[in-house]
$ cat start14.cif   # mmCIF, C-alpha atoms and all ligand atoms
data_final
#
loop_
_atom_site.label_atom_id
_atom_site.label_comp_id
_atom_site.auth_asym_id
_atom_site.auth_seq_id
_atom_site.Cartn_x
_atom_site.Cartn_y
_atom_site.Cartn_z
CA MET A 12 15.78 31.29 72.40
CA LEU A 13 16.68 33.22 75.53
CA CYS A 14 17.82 31.50 78.71
CA ILE A 15 17.86 33.06 82.17
CA GLN A 16 19.92 31.00 84.54
CA ARG A 17 21.25 31.09 88.12
CA ALA A 18 18.01 32.73 89.26
CA THR A 19 16.05 32.31 92.46
CA LEU A 20 12.63 32.00 90.86
CA LEU A 21 9.53 33.05 92.77
CA THR A 22 6.64 31.95 90.59
CA PRO A 23 5.20 33.30 93.13
CA ASP A 24 3.44 30.10 94.31
CA GLU A 25 6.76 28.35 94.80
CA GLN A 26 10.49 29.08 95.02
CA ILE A 27 12.93 27.39 92.65
CA ASP A 28 16.61 27.75 93.60
CA ASP A 29 19.24 27.67 90.85
CA GLY A 30 16.34 28.24 88.51
CA VAL A 31 16.31 28.34 84.73
CA LEU A 32 13.79 30.04 82.44
CA LEU A 33 13.68 29.42 78.70
CA ILE A 34 11.98 32.13 76.66
CA ASP A 35 10.96 31.97 73.02
CA ARG A 36 9.10 34.64 71.06
CA GLY A 37 8.27 36.55 74.21
CA ARG A 38 6.84 33.65 76.18
CA ILE A 39 8.17 31.30 78.83
CA VAL A 40 8.57 27.87 77.27
CA ALA A 41 10.24 26.02 80.16
CA ILE A 42 10.83 26.63 83.86
CA GLY A 43 12.63 24.54 86.45
CA ASP A 44 15.93 24.04 88.23
CA ALA A 45 19.27 23.69 86.49
CA ALA A 46 19.33 19.94 87.07
CA HIS A 47 16.13 19.44 85.09
CA ILE A 48 16.15 22.05 82.30
CA GLY A 49 18.43 21.53 79.34
CA VAL A 50 19.80 24.72 77.82
CA PRO A 51 19.97 24.72 74.00
CA ALA A 52 23.51 25.28 72.76
CA ASP A 53 22.53 28.34 70.70
CA ALA A 54 20.51 30.05 73.46
CA GLU A 55 21.34 33.62 74.42
CA ILE A 56 22.21 33.53 78.14
CA ILE A 57 21.32 36.02 80.85
CA ASP A 58 23.08 35.14 84.10
CA ALA A 59 20.86 36.31 86.97
CA GLY A 60 23.75 35.84 89.42
CA GLY A 61 21.48 34.47 92.13
CA LEU A 62 19.03 37.39 92.03
CA ILE A 63 15.35 36.82 92.65
CA VAL A 64 13.37 36.62 89.40
CA ALA A 65 9.63 37.15 89.80
CA PRO A 66 6.68 37.91 87.55
CA GLY A 67 6.39 41.58 86.60
CA PHE A 68 4.17 43.72 88.83
CA ILE A 69 0.58 44.55 87.87
CA ASP A 70 -1.02 47.74 89.24
CA LEU A 71 -4.82 47.81 89.07
CA GLN A 72 -5.03 51.50 89.96
CA LEU A 73 -2.67 54.07 88.50
CA ASN A 74 -3.75 57.65 87.77
CA GLY A 75 -0.58 58.82 86.08
CA ALA A 76 3.11 59.55 86.69
CA PHE A 77 5.95 61.78 85.47
CA GLY A 78 3.73 64.86 85.71
CA GLU A 79 0.98 63.35 83.52
CA ASP A 80 -2.58 62.60 84.62
CA PHE A 81 -4.46 59.97 82.61
CA THR A 82 -7.86 61.58 83.21
CA TRP A 83 -6.71 65.05 82.20
CA ALA A 84 -4.67 63.75 79.25
CA PRO A 85 -5.61 60.18 78.23
CA GLU A 86 -3.16 60.37 75.32
CA SER A 87 -0.30 60.34 77.88
CA ILE A 88 -0.89 56.64 78.68
CA TRP A 89 1.72 55.26 76.29
CA ARG A 90 4.36 57.81 77.26
CA VAL A 91 3.91 57.21 80.99
CA ALA A 92 3.95 53.45 80.39
CA GLU A 93 7.47 53.71 78.98
CA GLY A 94 8.78 54.80 82.40
CA LEU A 95 6.96 52.29 84.61
CA PRO A 96 9.42 49.37 84.22
CA ARG A 97 11.86 51.18 86.56
CA TRP A 98 9.51 50.19 89.41
CA GLY A 99 9.05 46.63 88.14
CA VAL A 100 5.61 47.36 86.68
CA THR A 101 4.97 45.32 83.52
CA GLY A 102 1.18 45.69 83.38
CA PHE A 103 -1.28 48.26 84.72
CA LEU A 104 -4.78 49.62 84.45
CA PRO A 105 -4.69 53.32 83.52
CA THR A 106 -7.33 54.77 85.81
CA ILE A 107 -9.82 57.37 84.62
CA ILE A 108 -11.54 59.06 87.54
CA THR A 109 -14.87 60.90 87.58
CA SER A 110 -14.92 63.31 84.66
CA PRO A 111 -17.04 63.94 81.53
CA LEU A 112 -17.68 60.51 79.94
CA GLN A 113 -15.81 61.73 76.87
CA LYS A 114 -12.57 61.22 78.83
CA VAL A 115 -13.19 57.47 79.03
CA ALA A 116 -13.93 57.43 75.29
CA GLN A 117 -10.65 59.26 74.62
CA ALA A 118 -8.75 56.76 76.75
CA GLN A 119 -10.43 53.90 74.87
CA GLU A 120 -9.36 55.48 71.57
CA THR A 121 -5.80 55.88 72.85
CA LEU A 122 -5.58 52.18 73.71
CA GLU A 123 -7.34 51.14 70.50
CA ALA A 124 -4.84 53.14 68.43
CA GLY A 125 -1.97 51.23 70.06
CA PRO A 126 1.52 52.46 70.94
CA PRO A 127 3.68 54.63 68.70
CA SER A 128 6.17 52.74 66.57
CA GLY A 129 9.28 51.62 68.42
CA TRP A 130 7.47 51.95 71.74
CA ARG A 131 8.56 49.73 74.62
CA GLY A 132 7.01 49.82 78.06
CA SER A 133 4.60 48.49 80.63
CA ILE A 134 1.46 47.01 79.04
CA PRO A 135 -1.83 48.87 79.61
CA LEU A 136 -4.14 45.91 80.29
CA GLY A 137 -7.31 48.00 79.93
CA LEU A 138 -8.91 50.90 81.77
CA HIS A 139 -10.03 51.16 85.34
CA CYS A 140 -13.03 53.51 85.29
CA GLU A 141 -13.23 54.85 88.84
CA GLY A 142 -16.53 56.70 88.60
CA PRO A 143 -18.61 58.53 87.63
CA PHE A 144 -21.30 56.37 89.37
CA LEU A 145 -20.08 57.15 92.90
CA ASN A 146 -21.73 58.30 96.09
CA PRO A 147 -21.33 62.12 96.48
CA GLN A 148 -20.90 61.58 100.24
CA LYS A 149 -17.66 59.66 99.54
CA LYS A 150 -16.42 61.61 96.55
CA GLY A 151 -12.81 61.91 97.80
CA ALA A 152 -10.82 63.85 95.20
CA HIS A 153 -13.48 63.33 92.50
CA ASN A 154 -15.23 66.42 91.11
CA PRO A 155 -18.89 66.17 92.26
CA ALA A 156 -20.01 68.13 89.18
CA TYR A 157 -19.36 65.03 87.06
CA LEU A 158 -20.88 62.36 89.32
CA ARG A 159 -23.79 60.60 87.59
CA ALA A 160 -26.65 58.29 88.46
CA PRO A 161 -26.06 54.76 87.10
CA ALA A 162 -27.45 54.47 83.55
CA LEU A 163 -26.97 51.52 81.21
CA GLU A 164 -26.70 53.71 78.11
CA ASP A 165 -23.63 55.43 79.57
CA VAL A 166 -21.70 52.15 79.67
CA ALA A 167 -22.85 50.67 76.34
CA ALA A 168 -19.25 50.71 75.06
CA TRP A 169 -17.62 49.63 78.33
CA THR A 170 -16.47 46.12 77.42
CA PRO A 171 -13.13 44.30 77.69
CA ASP A 172 -12.90 44.31 73.87
CA GLN A 173 -13.20 48.10 74.04
CA HIS A 174 -10.51 48.26 76.72
CA VAL A 175 -12.57 48.64 79.90
CA ARG A 176 -11.43 46.01 82.42
CA LEU A 177 -12.51 47.30 85.82
CA VAL A 178 -15.26 49.66 86.95
CA THR A 179 -15.54 51.12 90.45
CA LEU A 180 -19.05 52.20 91.43
CA ALA A 181 -21.19 52.75 94.52
CA PRO A 182 -23.55 49.74 94.51
CA GLU A 183 -26.13 51.37 96.78
CA LEU A 184 -27.06 53.97 94.14
CA GLU A 185 -30.43 53.43 92.46
CA GLY A 186 -29.94 51.34 89.32
CA ALA A 187 -26.38 50.33 90.22
CA LEU A 188 -27.06 46.60 90.57
CA GLU A 189 -28.37 46.44 87.00
CA LEU A 190 -25.09 48.02 85.89
CA VAL A 191 -23.15 45.51 87.99
CA GLN A 192 -24.93 42.56 86.36
CA THR A 193 -24.53 43.92 82.84
CA LEU A 194 -20.83 44.74 83.22
CA ALA A 195 -20.03 41.47 85.02
CA GLN A 196 -21.76 39.47 82.26
CA ARG A 197 -19.50 41.20 79.73
CA GLY A 198 -16.43 40.14 81.69
CA VAL A 199 -15.70 43.56 83.19
CA VAL A 200 -14.58 43.30 86.82
CA VAL A 201 -16.92 45.39 88.95
CA SER A 202 -15.72 46.93 92.18
CA ALA A 203 -17.45 48.62 95.08
CA GLY A 204 -15.89 51.90 96.12
CA HIS A 205 -16.47 55.57 96.93
CA SER A 206 -19.57 54.16 98.54
CA MET A 207 -21.78 54.42 101.62
CA ALA A 208 -23.09 50.85 101.22
CA ASN A 209 -24.12 49.11 104.42
CA TYR A 210 -23.47 45.41 104.99
CA GLU A 211 -26.72 44.24 103.38
CA GLN A 212 -26.25 46.49 100.35
CA ALA A 213 -22.70 45.19 99.95
CA ARG A 214 -23.90 41.56 100.13
CA ALA A 215 -26.50 42.33 97.44
CA ALA A 216 -23.73 43.83 95.31
CA PHE A 217 -21.61 40.68 95.64
CA ALA A 218 -24.64 38.57 94.67
CA ALA A 219 -25.05 40.77 91.57
CA GLY A 220 -21.41 40.23 90.56
CA VAL A 221 -19.15 42.68 92.42
CA ARG A 222 -15.79 40.93 92.92
CA TYR A 223 -13.48 43.72 94.10
CA GLY A 224 -13.35 46.51 96.66
CA THR A 225 -11.49 49.66 95.63
CA HIS A 226 -8.94 50.94 98.18
CA LEU A 227 -10.42 49.18 101.21
CA PHE A 228 -11.24 51.60 104.08
CA ASN A 229 -10.70 54.73 101.94
CA ALA A 230 -13.86 56.50 100.73
CA MET A 231 -16.24 54.13 102.51
CA PRO A 232 -17.97 54.04 105.91
CA PRO A 233 -15.80 52.90 108.84
CA LEU A 234 -15.82 49.34 110.14
CA GLU A 235 -17.92 49.21 113.29
CA HIS A 236 -18.55 46.12 115.35
CA ARG A 237 -22.35 46.45 115.17
CA GLU A 238 -22.40 47.98 111.70
CA PRO A 239 -19.79 46.22 109.54
CA GLY A 240 -20.78 48.19 106.44
CA LEU A 241 -18.96 47.84 103.13
CA PRO A 242 -15.51 47.28 104.69
CA GLY A 243 -16.82 44.51 106.95
CA ALA A 244 -18.59 42.85 104.03
CA LEU A 245 -15.47 43.07 101.84
CA LEU A 246 -13.29 41.56 104.57
CA HIS A 247 -15.77 38.79 105.25
CA ALA A 248 -16.60 37.68 101.69
CA THR A 249 -14.25 34.92 100.56
CA GLU A 250 -15.07 35.45 96.87
CA VAL A 251 -14.14 39.15 96.87
CA THR A 252 -10.66 40.67 96.45
CA VAL A 253 -9.75 43.99 98.07
CA GLY A 254 -7.39 46.72 96.95
CA VAL A 255 -5.11 48.24 99.59
CA ILE A 256 -2.73 51.22 99.35
CA PRO A 257 0.13 50.42 101.78
CA ASP A 258 1.81 53.84 101.82
CA GLY A 259 1.37 54.25 105.57
CA ILE A 260 -0.92 57.25 104.92
CA HIS A 261 -4.13 55.90 103.38
CA VAL A 262 -4.42 53.09 105.95
CA HIS A 263 -2.64 52.58 109.27
CA PRO A 264 -0.03 49.79 109.07
CA ALA A 265 -1.88 47.80 111.77
CA ILE A 266 -5.04 47.90 109.65
CA VAL A 267 -3.09 46.70 106.61
CA ALA A 268 -1.97 43.76 108.76
CA LEU A 269 -5.57 43.08 109.84
CA ALA A 270 -6.76 43.17 106.22
CA TRP A 271 -3.93 40.80 105.36
CA ALA A 272 -4.97 38.39 108.11
CA ALA A 273 -8.56 38.45 106.86
CA LYS A 274 -7.92 38.14 103.13
CA GLY A 275 -4.46 36.57 102.55
CA PRO A 276 -2.33 36.77 99.40
CA SER A 277 -4.96 35.53 96.94
CA ARG A 278 -7.63 38.05 98.00
CA LEU A 279 -5.58 41.13 98.81
CA SER A 280 -4.39 43.24 95.90
CA VAL A 281 -1.84 45.92 96.59
CA VAL A 282 -2.32 48.97 94.37
CA THR A 283 -0.44 52.26 94.33
CA ASP A 284 -3.29 54.63 93.30
CA ALA A 285 -0.30 56.78 92.34
CA MET A 286 -0.88 60.07 90.59
CA ALA A 287 1.03 62.51 88.38
CA ALA A 288 3.70 63.25 91.02
CA LEU A 289 5.05 59.67 90.94
CA GLY A 290 8.65 59.95 89.75
CA MET A 291 8.60 63.74 90.29
CA PRO A 292 9.58 66.13 93.11
CA PRO A 293 7.02 67.71 95.49
CA GLY A 294 4.99 70.54 93.95
CA ARG A 295 1.66 71.29 92.28
CA TYR A 296 0.08 68.62 90.12
CA GLN A 297 -3.28 67.70 88.71
CA ILE A 298 -5.79 64.88 89.08
CA ALA A 299 -8.58 65.23 86.51
CA ASP A 300 -9.41 68.97 86.78
CA HIS A 301 -8.46 69.32 90.44
CA GLU A 302 -5.21 70.89 91.60
CA VAL A 303 -3.19 68.64 93.92
CA PHE A 304 -0.49 69.73 96.33
CA VAL A 305 2.31 67.22 96.88
CA THR A 306 4.42 67.79 99.97
CA GLU A 307 6.94 65.78 101.94
CA ASP A 308 5.68 64.73 105.37
CA ALA A 309 7.72 64.37 108.57
CA ARG A 310 8.88 60.87 107.59
CA GLY A 311 10.12 62.05 104.21
CA VAL A 312 7.15 60.46 102.41
CA ASN A 313 5.46 62.45 99.65
CA VAL A 314 1.72 63.02 100.22
CA ALA A 315 -0.83 64.25 97.62
CA ARG A 316 -3.78 66.33 98.85
CA LEU A 317 -6.39 68.71 97.48
CA ALA A 318 -6.39 72.24 98.95
CA SER A 319 -9.16 70.96 101.29
CA GLY A 320 -6.78 68.36 102.75
CA THR A 321 -8.52 65.39 101.11
CA LEU A 322 -6.08 62.71 99.94
CA ALA A 323 -5.79 62.71 96.14
CA GLY A 324 -4.10 59.43 95.27
CA SER A 325 -0.60 58.52 96.40
CA VAL A 326 3.00 58.99 95.36
CA LEU A 327 3.80 55.35 96.07
CA SER A 328 5.79 53.18 93.66
CA MET A 329 5.04 49.47 93.30
CA ASP A 330 8.42 48.28 94.63
CA GLU A 331 8.01 50.50 97.69
CA ALA A 332 4.48 49.12 98.16
CA LEU A 333 5.93 45.61 98.13
CA ARG A 334 8.53 46.46 100.76
CA ARG A 335 5.93 48.16 102.95
CA LEU A 336 3.48 45.26 102.78
CA ILE A 337 6.22 42.95 104.10
CA LEU A 338 7.17 45.49 106.78
CA TYR A 339 3.56 45.94 107.92
CA THR A 340 2.46 42.29 107.85
CA GLY A 341 5.62 40.19 108.31
CA CYS A 342 4.60 38.10 105.30
CA THR A 343 7.11 36.38 103.02
CA LEU A 344 8.33 37.93 99.77
CA GLY A 345 6.50 35.23 97.83
CA GLN A 346 3.21 36.07 99.55
CA ALA A 347 3.71 39.78 99.04
CA LEU A 348 4.55 39.22 95.38
CA ALA A 349 1.29 37.33 94.87
CA THR A 350 -0.67 40.49 95.77
CA ILE A 351 0.84 42.35 92.79
CA THR A 352 1.25 39.49 90.31
CA SER A 353 -0.96 36.39 90.36
CA THR A 354 -3.80 37.93 92.39
CA PRO A 355 -4.50 40.90 90.10
CA ALA A 356 -3.97 38.71 87.03
CA ASP A 357 -6.48 36.16 88.32
CA LEU A 358 -8.98 38.93 89.12
CA LEU A 359 -8.72 40.17 85.53
CA GLY A 360 -9.07 36.61 84.21
CA ILE A 361 -5.59 36.61 82.63
CA GLY A 362 -3.84 34.42 85.20
CA ARG A 363 -2.63 31.91 82.62
CA GLU A 364 -1.02 34.63 80.50
CA ARG A 365 0.45 36.98 83.09
CA GLY A 366 1.24 37.25 86.79
CA ARG A 367 2.95 33.87 87.11
CA LEU A 368 6.15 32.23 85.92
CA ARG A 369 4.77 29.25 84.05
CA ALA A 370 5.23 27.71 80.62
CA GLY A 371 2.96 29.50 78.17
CA ALA A 372 2.83 32.83 80.02
CA TRP A 373 4.37 36.05 78.71
CA ALA A 374 7.95 36.51 79.90
CA ASP A 375 7.17 39.64 81.95
CA LEU A 376 9.89 39.51 84.61
CA VAL A 377 11.44 41.51 87.43
CA PHE A 378 14.93 40.87 88.79
CA LEU A 379 15.14 41.82 92.48
CA THR A 380 17.95 42.09 95.02
CA PRO A 381 17.48 40.39 98.43
CA THR A 382 16.47 43.83 99.77
CA ILE A 383 13.76 44.05 97.07
CA GLU A 384 15.24 46.61 94.75
CA VAL A 385 14.46 46.37 91.05
CA VAL A 386 17.57 45.60 89.01
CA ARG A 387 16.08 44.61 85.66
CA THR A 388 12.61 44.48 84.13
CA MET A 389 11.69 42.45 81.07
CA ILE A 390 8.44 42.59 79.12
CA ALA A 391 7.64 39.80 76.65
CA GLY A 392 11.25 38.67 76.96
CA VAL A 393 12.69 42.09 76.09
CA THR A 394 14.71 44.05 78.66
CA CYS A 395 12.96 47.42 79.22
CA TYR A 396 14.87 48.61 82.26
CA VAL A 397 18.29 47.94 83.80
CA ARG A 398 19.38 49.72 86.94
CA GLU A 399 22.51 51.77 86.44
CA GLU A 400 25.40 50.72 88.64
CA SER A 401 26.15 53.34 91.28
ZN ZN B 1 -10.52 56.50 94.77
#
$ encode --input "start14.cif" --output "structure tokens"
Amino acid sequence: MLCIQRATLLTPDEQIDDGVLLIDRGRIVAIGDAAHIGVPADAEIIDAGGLIVAPGFIDLQLNGAFGEDFTWAPESIWRVAEGLPRWGVTGFLPTIITSPLQKVAQAQETLEAGPPSGWRGSIPLGLHCEGPFLNPQKKGAHNPAYLRAPALEDVAAWTPDQHVRLVTLAPELEGALELVQTLAQRGVVVSAGHSMANYEQARAAFAAGVRYGTHLFNAMPPLEHREPGLPGALLHATEVTVGVIPDGIHVHPAIVALAWAAKGPSRLSVVTDAMAALGMPPGRYQIADHEVFVTEDARGVNVARLASGTLAGSVLSMDEALRRLILYTGCTLGQALATITSTPADLLGIGRERGRLRAGAWADLVFLTPTIEVVRTMIAGVTCYVREES
């Protein structure tokens, strides 16, 4: 039995001061305040010293890090995952962008094979297949040579059991709604993105089972007051969650705040969409088979672009995303945490297992300072990262 005490727990639905967590065999078995939770005499104690303890972060869109790109080299998933706890990430969806379908199959095989022995890291919760059924007019950094028309036979093996958890597609493409229905029935979360869908097409997609919008405002038509389009439909639909990249580059901070006002913590999911340059200096990197140039902008923020200038993912870490969401919206830490813990977990249908501090859930935890810096990350009750004292 492991006991974490003197913690400010953010579950994130509520705050528990002088909180205590009891952990057994990787799972939380009791949670409460010190006055109500008895600590077994033989428990191993971790004194949180008043730090905030929150559920570990879940990133629904991550292309790679540490110089590795998941689409180019799907076998790098486990190695990259070992480094993610430094940013508080305990679960993520390795994202495979538009590429030959064989790349998705390779990523599925990598996850099926499991981690190397002795491995410890952030848990890949399944793949996010971003493409190849996208609208060429909103291809972004995706290689148009590999875009495909929706076809059921292409996704025959795309199931949660075979490690596909989220699929981004353009719902206005011919045959796309049939794909949406099929994938949604299997329990795959289907998302609208890289799309030219108008409002009516977006509503039809939601009716067919689309429950997510990939990086709201990016790679979709603009929001216009007489033509709300896909972004207007995503903002308006109460049953749909939206992904937002709050790096200050993909979306203006004021628009992040507007999206926040429309959707709130249970329907806004902060993602990084980070690529190979995360955790690396500026330079040349790769996303799928495209070369990406990462430079530092005037504010000292790293930006990833193709030679054409098109944004190619971000170089945003999850803890920085959390700080920026609070800066842009003025929301509380608990609300901001929900967008990277309980909200993505609920979207994936694993909200009882992950994304919340509750009895029965995995003990995936992040210890944070009051200024929201990651001090310690635990996965299934095992410490995977501790910040070195400076
Ligand atoms: Zn994208």
$ residues_near_ligand --input "start14.cif" --ligand "ligand ZN 1 (chain B)" --cutoff "10 Å" --atoms "all atoms listed in the file" --output "MDAnalysis selection string"
chainID A and resid 72 74 106 108:109 141:142 145 149:153 179 204:205 225:227 229:231 284 322:324
$ residues_around --input "start14.cif" --residues "Asp300 (chain A)" --least-positions-apart "2" --cutoff "10 Å" --atoms "only C-alpha atoms" --output "list in words"
Asp80, Thr82, Trp83, Thr109, Ser110, Ala152, His153, Asn154, Gln297, Ile298, Glu302 and Val303 of chain A
$ closest_residue --input "start14.cif" --among "A:Asp29, A:Glu235, A:Glu123, A:Glu307" --to "His47 (chain A)" --atoms "only C-alpha atoms"
A:Asp29
$ residues_around --input "start14.cif" --residues "Ala59 (chain A)" --least-positions-apart "6" --cutoff "9 Å" --atoms "all atoms listed in the file" --output "JSON, numbers by chain"
{"A": [15, 16, 17, 18, 19, 378]}
$ closest_residue --input "start14.cif" --among "A:Val40, A:Leu194, A:Ala76, A:Ala248" --to "Leu327 (chain A)" --atoms "only C-alpha atoms"
A:Ala76
$ atom_distance --input "start14.cif" --atom1 "CA of Asp375 (chain A)" --atom2 "CA of Thr101 (chain A)"
6.3 Å
$ atom_distance --input "start14.cif" --atom1 "CA of Glu384 (chain A)" --atom2 "CA of Ile337 (chain A)"
13.5 Å
$ atom_distance --input "start14.cif" --atom1 "CA of Ala272 (chain A)" --atom2 "CA of Ile383 (chain A)"
22.5 Å
$ closest_residue --input "start14.cif" --among "A:Gly366, A:Gly78, A:Gly67, A:Pro276" --to "Val305 (chain A)" --atoms "all atoms listed in the file"
A:Gly78
$ residues_near_point --input "start14.cif" --point "(-5.1, 62.6, 105.1)" --cutoff "8 Å" --atoms "only C-alpha atoms" --output "list in words"
Ile260, His261, Arg316, Gly320, Thr321 and Leu322 of chain A
$ closest_residue --input "start14.cif" --among "A:Ala203, A:Asp308, A:Arg214, A:Gln192" --to "Val253 (chain A)" --atoms "all atoms listed in the file"
A:Ala203
$ residues_around --input "start14.cif" --residues "Leu368 (chain A)" --least-positions-apart "5" --cutoff "8 Å" --atoms "only C-alpha atoms" --output "number ranges by chain"
A: 21-23, 39, 42, 65-66, 374
$ residues_around --input "start14.cif" --residues "region 162-176 of chain A" --least-positions-apart "3" --cutoff "12 Å" --atoms "all atoms listed in the file" --output "mmCIF file with C-alpha atoms, in the coordinates of the input"
data_model
loop_
_atom_site.group_PDB
_atom_site.id
_atom_site.type_symbol
_atom_site.label_atom_id
_atom_site.label_comp_id
_atom_site.auth_asym_id
_atom_site.auth_seq_id
_atom_site.Cartn_x
_atom_site.Cartn_y
_atom_site.Cartn_z
ATOM 1 C CA LEU A 71 -4.820 47.810 89.070
ATOM 2 C CA GLN A 72 -5.030 51.500 89.960
ATOM 3 C CA PHE A 103 -1.280 48.260 84.720
ATOM 4 C CA LEU A 104 -4.780 49.620 84.450
ATOM 5 C CA PRO A 105 -4.690 53.320 83.520
ATOM 6 C CA THR A 106 -7.330 54.770 85.810
ATOM 7 C CA ILE A 107 -9.820 57.370 84.620
ATOM 8 C CA PRO A 111 -17.040 63.940 81.530
ATOM 9 C CA LEU A 112 -17.680 60.510 79.940
ATOM 10 C CA GLN A 113 -15.810 61.730 76.870
ATOM 11 C CA VAL A 115 -13.190 57.470 79.030
ATOM 12 C CA ALA A 116 -13.930 57.430 75.290
ATOM 13 C CA GLN A 117 -10.650 59.260 74.620
ATOM 14 C CA ALA A 118 -8.750 56.760 76.750
ATOM 15 C CA GLN A 119 -10.430 53.900 74.870
ATOM 16 C CA GLU A 120 -9.360 55.480 71.570
ATOM 17 C CA THR A 121 -5.800 55.880 72.850
ATOM 18 C CA LEU A 122 -5.580 52.180 73.710
ATOM 19 C CA GLU A 123 -7.340 51.140 70.500
ATOM 20 C CA ALA A 124 -4.840 53.140 68.430
ATOM 21 C CA GLY A 125 -1.970 51.230 70.060
ATOM 22 C CA PRO A 135 -1.830 48.870 79.610
ATOM 23 C CA LEU A 136 -4.140 45.910 80.290
ATOM 24 C CA GLY A 137 -7.310 48.000 79.930
ATOM 25 C CA LEU A 138 -8.910 50.900 81.770
ATOM 26 C CA HIS A 139 -10.030 51.160 85.340
ATOM 27 C CA CYS A 140 -13.030 53.510 85.290
ATOM 28 C CA GLU A 141 -13.230 54.850 88.840
ATOM 29 C CA GLY A 142 -16.530 56.700 88.600
ATOM 30 C CA PRO A 143 -18.610 58.530 87.630
ATOM 31 C CA PHE A 144 -21.300 56.370 89.370
ATOM 32 C CA LEU A 158 -20.880 62.360 89.320
ATOM 33 C CA ARG A 159 -23.790 60.600 87.590
ATOM 34 C CA THR A 179 -15.540 51.120 90.450
ATOM 35 C CA LEU A 180 -19.050 52.200 91.430
ATOM 36 C CA LEU A 184 -27.060 53.970 94.140
ATOM 37 C CA GLU A 185 -30.430 53.430 92.460
ATOM 38 C CA GLY A 186 -29.940 51.340 89.320
ATOM 39 C CA ALA A 187 -26.380 50.330 90.220
ATOM 40 C CA LEU A 188 -27.060 46.600 90.570
ATOM 41 C CA GLU A 189 -28.370 46.440 87.000
ATOM 42 C CA LEU A 190 -25.090 48.020 85.890
ATOM 43 C CA VAL A 191 -23.150 45.510 87.990
ATOM 44 C CA GLN A 192 -24.930 42.560 86.360
ATOM 45 C CA THR A 193 -24.530 43.920 82.840
ATOM 46 C CA LEU A 194 -20.830 44.740 83.220
ATOM 47 C CA ALA A 195 -20.030 41.470 85.020
ATOM 48 C CA GLN A 196 -21.760 39.470 82.260
ATOM 49 C CA ARG A 197 -19.500 41.200 79.730
ATOM 50 C CA GLY A 198 -16.430 40.140 81.690
ATOM 51 C CA VAL A 199 -15.700 43.560 83.190
ATOM 52 C CA VAL A 200 -14.580 43.300 86.820
ATOM 53 C CA VAL A 201 -16.920 45.390 88.950
ATOM 54 C CA SER A 202 -15.720 46.930 92.180
ATOM 55 C CA PRO A 355 -4.500 40.900 90.100
ATOM 56 C CA ALA A 356 -3.970 38.710 87.030
ATOM 57 C CA LEU A 358 -8.980 38.930 89.120
ATOM 58 C CA LEU A 359 -8.720 40.170 85.530
ATOM 59 C CA GLY A 360 -9.070 36.610 84.210
ATOM 60 C CA ILE A 361 -5.590 36.610 82.630
#
$ residues_around --input "start14.cif" --residues "Trp130 (chain A)" --least-positions-apart "6" --cutoff "10 Å" --atoms "all atoms listed in the file" --output "JSON, numbers by chain"
{"A": [89, 90, 92, 93]}
$ closest_residue --input "start14.cif" --among "A:Pro239, A:Gly275, A:Gly220, A:Gly392" --to "Gln346 (chain A)" --atoms "all atoms listed in the file"
A:Gly275
$ closest_residue --input "start14.cif" --among "A:Pro232, A:Arg278, A:Asn313, A:Arg369" --to "Ala347 (chain A)" --atoms "only C-alpha atoms"
A:Arg278
$ decode --input "start14.cif" --residues "region 241-252 of chain A" --atoms "C-alpha atoms" --output "short mmCIF file (atom, residue, chain, number, x, y, z; two decimals), in the first residue's frame"
data_model
loop_
_atom_site.label_atom_id
_atom_site.label_comp_id
_atom_site.auth_asym_id
_atom_site.auth_seq_id
_atom_site.Cartn_x
_atom_site.Cartn_y
_atom_site.Cartn_z
CA LEU A 241 -18.16 23.30 -39.40
CA PRO A 242 -16.73 25.56 -36.66
CA GLY A 243 -20.13 27.10 -35.94
CA ALA A 244 -21.74 23.66 -35.81
CA LEU A 245 -19.03 22.32 -33.49
CA LEU A 246 -19.39 25.29 -31.14
CA HIS A 247 -23.16 25.02 -31.11
CA ALA A 248 -23.61 21.26 -30.62
CA THR A 249 -23.80 20.41 -26.93
CA GLU A 250 -23.03 16.72 -27.53
CA VAL A 251 -19.76 17.38 -29.38
CA THR A 252 -16.31 17.99 -27.86
#
